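*Asks:* Below is one structure. I have some questions about it.
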Amino acid sequence: MTQLDQVSIIAKANVHFDGKCVSHTVVLADGTKKSVGVILPAKLNFGTGAQEIMELVGGSCRVRLAGETHWKTYAVGTRFNVPCNSNFDIEVEGEPLHYICHFG
């Protein structure tokens with residue numbers, strides 16, 4: 001996905017991990033919410049409430065889902081799923097990671 005059409009954007013940014021992850025909430029015409037953001041080079045752990053599908057639109061990262069021992073690498077055009085009420089480690093090196101997070 002390279003563009004989201006007919007959306008409203010929540011102007012105040014969601015800033016996590018001292019600015020290492022910044023996103024904006026996007027609301028589609030049907031009320032569906034997504035977030036569009038950037039993760040700067042870092043190794044972070046995110047918790048989830050709802051199921052998330054992380055779609056990468058720029059950069060690359062390594063991800064380790066809760067309960068897994070191995071890291072998997074993801075690049076532009078790929079996505080990974082995170083179950084609800086879970087967490088994942090993500091490592092971004094080099095250029096920032098640009099993503100769209102689809103909820104539920």
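By convention here, the chains of the structure tokens are called A, B, ... in the order presented, each chain's residues are numbered starting at 1, and ligands are numbered starting at 1 in the order presented.
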Would you list, as number ranges by chain, the residues of chain A that end up in strand (DSSP E) under DSSP run on this structure's backbone?

*Replies:* A: 7-9, 14-16, 21-28, 33-39, 42-47, 52-58, 60-65, 72-75, 79-82, 87-92, 97-103

*Asks:* If we count only C-alpha atoms and set the cut-off at 8 Å, which residues sit around stretch 61-66 of chain A, ignoring sequence neighbours fewer than 3 positions away in its own chain? Please answer as an MDAnalysis selection string.

*Replies:* chainID A and resid 69:75 82 86:93 97

*Asks:* Write to file, as a short mmCIF file (atom, residue, chain, number, x, y, z; two decimals), in the first residue's frame, the residues of the selection just made, with all heavy atoms.

*Replies:*
data_model
loop_
_atom_site.label_atom_id
_atom_site.label_comp_id
_atom_site.auth_asym_id
_atom_site.auth_seq_id
_atom_site.Cartn_x
_atom_site.Cartn_y
_atom_site.Cartn_z
N THR A 69 12.17 -17.77 19.35
CA THR A 69 13.58 -17.58 19.68
C THR A 69 14.36 -16.98 18.52
O THR A 69 15.40 -16.38 18.73
CB THR A 69 14.24 -18.91 20.08
OG1 THR A 69 14.06 -19.85 19.03
CG2 THR A 69 13.62 -19.45 21.36
N HIS A 70 13.85 -17.14 17.30
CA HIS A 70 14.58 -16.66 16.13
C HIS A 70 14.02 -15.34 15.62
O HIS A 70 12.82 -15.10 15.67
CB HIS A 70 14.52 -17.70 15.00
CG HIS A 70 15.17 -19.00 15.36
ND1 HIS A 70 16.52 -19.15 15.49
CD2 HIS A 70 14.64 -20.20 15.64
CE1 HIS A 70 16.81 -20.38 15.83
NE2 HIS A 70 15.68 -21.06 15.94
N TRP A 71 14.91 -14.52 15.10
CA TRP A 71 14.55 -13.26 14.48
C TRP A 71 14.25 -13.53 13.01
O TRP A 71 14.88 -14.36 12.38
CB TRP A 71 15.71 -12.27 14.57
CG TRP A 71 15.97 -11.77 15.96
CD1 TRP A 71 16.70 -12.40 16.93
CD2 TRP A 71 15.54 -10.54 16.51
NE1 TRP A 71 16.73 -11.64 18.06
CE2 TRP A 71 16.03 -10.48 17.84
CE3 TRP A 71 14.79 -9.48 16.03
CZ2 TRP A 71 15.80 -9.40 18.67
CZ3 TRP A 71 14.56 -8.40 16.87
CH2 TRP A 71 15.05 -8.36 18.17
N LYS A 72 13.29 -12.78 12.44
CA LYS A 72 12.98 -12.84 11.01
C LYS A 72 13.19 -11.45 10.43
O LYS A 72 12.87 -10.44 11.07
CB LYS A 72 11.54 -13.28 10.77
CG LYS A 72 11.29 -14.71 11.20
CD LYS A 72 9.85 -15.12 10.92
CE LYS A 72 9.60 -16.53 11.42
NZ LYS A 72 8.20 -16.92 11.29
N THR A 73 13.71 -11.39 9.21
CA THR A 73 13.97 -10.12 8.54
C THR A 73 12.82 -9.78 7.60
O THR A 73 12.33 -10.66 6.87
CB THR A 73 15.29 -10.19 7.76
OG1 THR A 73 16.35 -10.48 8.69
CG2 THR A 73 15.60 -8.88 7.08
N TYR A 74 12.41 -8.52 7.61
CA TYR A 74 11.34 -8.03 6.75
C TYR A 74 11.82 -6.79 6.01
O TYR A 74 12.60 -6.00 6.56
CB TYR A 74 10.10 -7.68 7.58
CG TYR A 74 9.48 -8.88 8.25
CD1 TYR A 74 9.88 -9.26 9.53
CD2 TYR A 74 8.53 -9.64 7.60
CE1 TYR A 74 9.34 -10.37 10.14
CE2 TYR A 74 7.97 -10.76 8.21
CZ TYR A 74 8.38 -11.12 9.47
OH TYR A 74 7.85 -12.23 10.08
N ALA A 75 11.36 -6.63 4.77
CA ALA A 75 11.76 -5.50 3.94
C ALA A 75 10.52 -4.86 3.31
O ALA A 75 9.39 -5.35 3.50
CB ALA A 75 12.72 -5.98 2.85
N VAL A 82 0.94 -9.71 14.32
CA VAL A 82 1.17 -9.81 15.77
C VAL A 82 -0.19 -10.08 16.42
O VAL A 82 -1.13 -9.32 16.22
CB VAL A 82 1.77 -8.50 16.33
CG1 VAL A 82 2.07 -8.65 17.81
CG2 VAL A 82 3.00 -8.08 15.55
N SER A 86 -0.24 -9.39 22.98
CA SER A 86 1.07 -10.01 22.82
C SER A 86 2.13 -8.92 22.80
O SER A 86 1.88 -7.78 23.18
CB SER A 86 1.08 -10.82 21.51
OG SER A 86 2.28 -11.55 21.40
N ASN A 87 3.32 -9.27 22.34
CA ASN A 87 4.38 -8.29 22.17
C ASN A 87 5.37 -8.78 21.13
O ASN A 87 5.32 -9.95 20.73
CB ASN A 87 5.07 -7.99 23.51
CG ASN A 87 5.82 -9.18 24.04
OD1 ASN A 87 6.89 -9.53 23.55
ND2 ASN A 87 5.26 -9.83 25.05
N PHE A 88 6.24 -7.89 20.71
CA PHE A 88 7.28 -8.26 19.75
C PHE A 88 8.48 -7.34 19.91
O PHE A 88 8.35 -6.18 20.32
CB PHE A 88 6.76 -8.24 18.31
CG PHE A 88 6.35 -6.89 17.80
CD1 PHE A 88 7.22 -6.13 17.02
CD2 PHE A 88 5.09 -6.38 18.06
CE1 PHE A 88 6.84 -4.88 16.53
CE2 PHE A 88 4.70 -5.15 17.57
CZ PHE A 88 5.58 -4.39 16.80
N ASP A 89 9.65 -7.90 19.63
CA ASP A 89 10.88 -7.12 19.57
C ASP A 89 11.10 -6.73 18.13
O ASP A 89 10.87 -7.54 17.22
CB ASP A 89 12.08 -7.95 20.05
CG ASP A 89 11.98 -8.33 21.51
OD1 ASP A 89 11.66 -7.45 22.33
OD2 ASP A 89 12.22 -9.51 21.82
N ILE A 90 11.55 -5.51 17.90
CA ILE A 90 11.86 -5.06 16.56
C ILE A 90 13.20 -4.34 16.59
O ILE A 90 13.48 -3.58 17.53
CB ILE A 90 10.74 -4.16 15.98
CG1 ILE A 90 11.00 -3.83 14.51
CG2 ILE A 90 10.54 -2.92 16.82
CD1 ILE A 90 9.79 -3.25 13.79
N GLU A 91 14.03 -4.61 15.60
CA GLU A 91 15.33 -3.97 15.49
C GLU A 91 15.44 -3.33 14.12
O GLU A 91 15.25 -3.99 13.09
CB GLU A 91 16.45 -4.99 15.69
CG GLU A 91 17.83 -4.35 15.67
CD GLU A 91 18.92 -5.34 15.99
OE1 GLU A 91 18.81 -6.53 15.62
OE2 GLU A 91 19.90 -4.92 16.62
N VAL A 92 15.72 -2.03 14.13
CA VAL A 92 15.90 -1.26 12.90
C VAL A 92 17.33 -0.75 12.90
O VAL A 92 17.78 -0.15 13.88
CB VAL A 92 14.91 -0.07 12.84
CG1 VAL A 92 15.17 0.80 11.62
CG2 VAL A 92 13.48 -0.56 12.89
N GLU A 93 18.04 -1.03 11.82
CA GLU A 93 19.42 -0.56 11.66
C GLU A 93 19.51 0.26 10.39
O GLU A 93 18.80 -0.01 9.42
CB GLU A 93 20.38 -1.74 11.60
CG GLU A 93 20.45 -2.55 12.87
CD GLU A 93 21.41 -3.72 12.77
OE1 GLU A 93 21.65 -4.22 11.65
OE2 GLU A 93 21.93 -4.13 13.82
N LEU A 97 12.61 2.93 9.45
CA LEU A 97 11.57 2.03 8.96
C LEU A 97 10.26 2.81 8.86
O LEU A 97 9.85 3.46 9.82
CB LEU A 97 11.40 0.87 9.95
CG LEU A 97 10.29 -0.11 9.62
CD1 LEU A 97 10.68 -0.97 8.42
CD2 LEU A 97 9.98 -0.98 10.82
#

*Asks:* Please report the interatomic distance between atom CA of A:Asn85 and atom CA of A:Ile100 in Å with one decimal.

*Replies:* 19.2 Å

*Asks:* With only C-alpha atoms as the basis for distance, which of A:Val36, A:Gly94, A:Leu44, A:Pro83 is at the shortest distance from A:Ser60?

*Replies:* A:Gly94

*Asks:* What is the distance between atom CA of A:Gly67 and atom CA of A:Pro96, in Å to one decimal?

*Replies:*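 It comes out at 26.0 Å.
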
*Asks:* Using only C-alpha atoms, determine which residues lie at most 6 Å from A:Val76, disregarding the query and same-chain residues fewer than 4 positions distant; provide the list as a ChimeraX atom specification.

*Replies:* /A:56-58

*Asks:* Need to verify the contact set: A:Ile39, 9 Å, only C-alpha atoms, exclusion of same-chain residues closer than 4 positions in sequence. Can you return it as a VMD selection string?

*Replies:* chain A and resid 19 to 23 92 96 to 99

*Asks:* Quick one: distance from atom CA of A:His24 to atom CA of A:Gln3 in Å, one decimal?

*Replies:*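 Value for the atom CA of A:His24-atom CA of A:Gln3 distance: 14.3 Å.
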
*Asks:* Choose the residue, out of A:Asp5, A:Glu55, A:Glu68, A:Glu95, that has the smallest atom-to-atom separation from A:Val27; count only C-alpha atoms.

*Replies:* A:Asp5

*Asks:* Taking only C-alpha atoms into account, which of A:Leu40, A:Ile53, A:Leu4, A:Thr25 comes nearest A:Arg79?

*Replies:*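 Closest to A:Arg79 of all the choices is A:Ile53.
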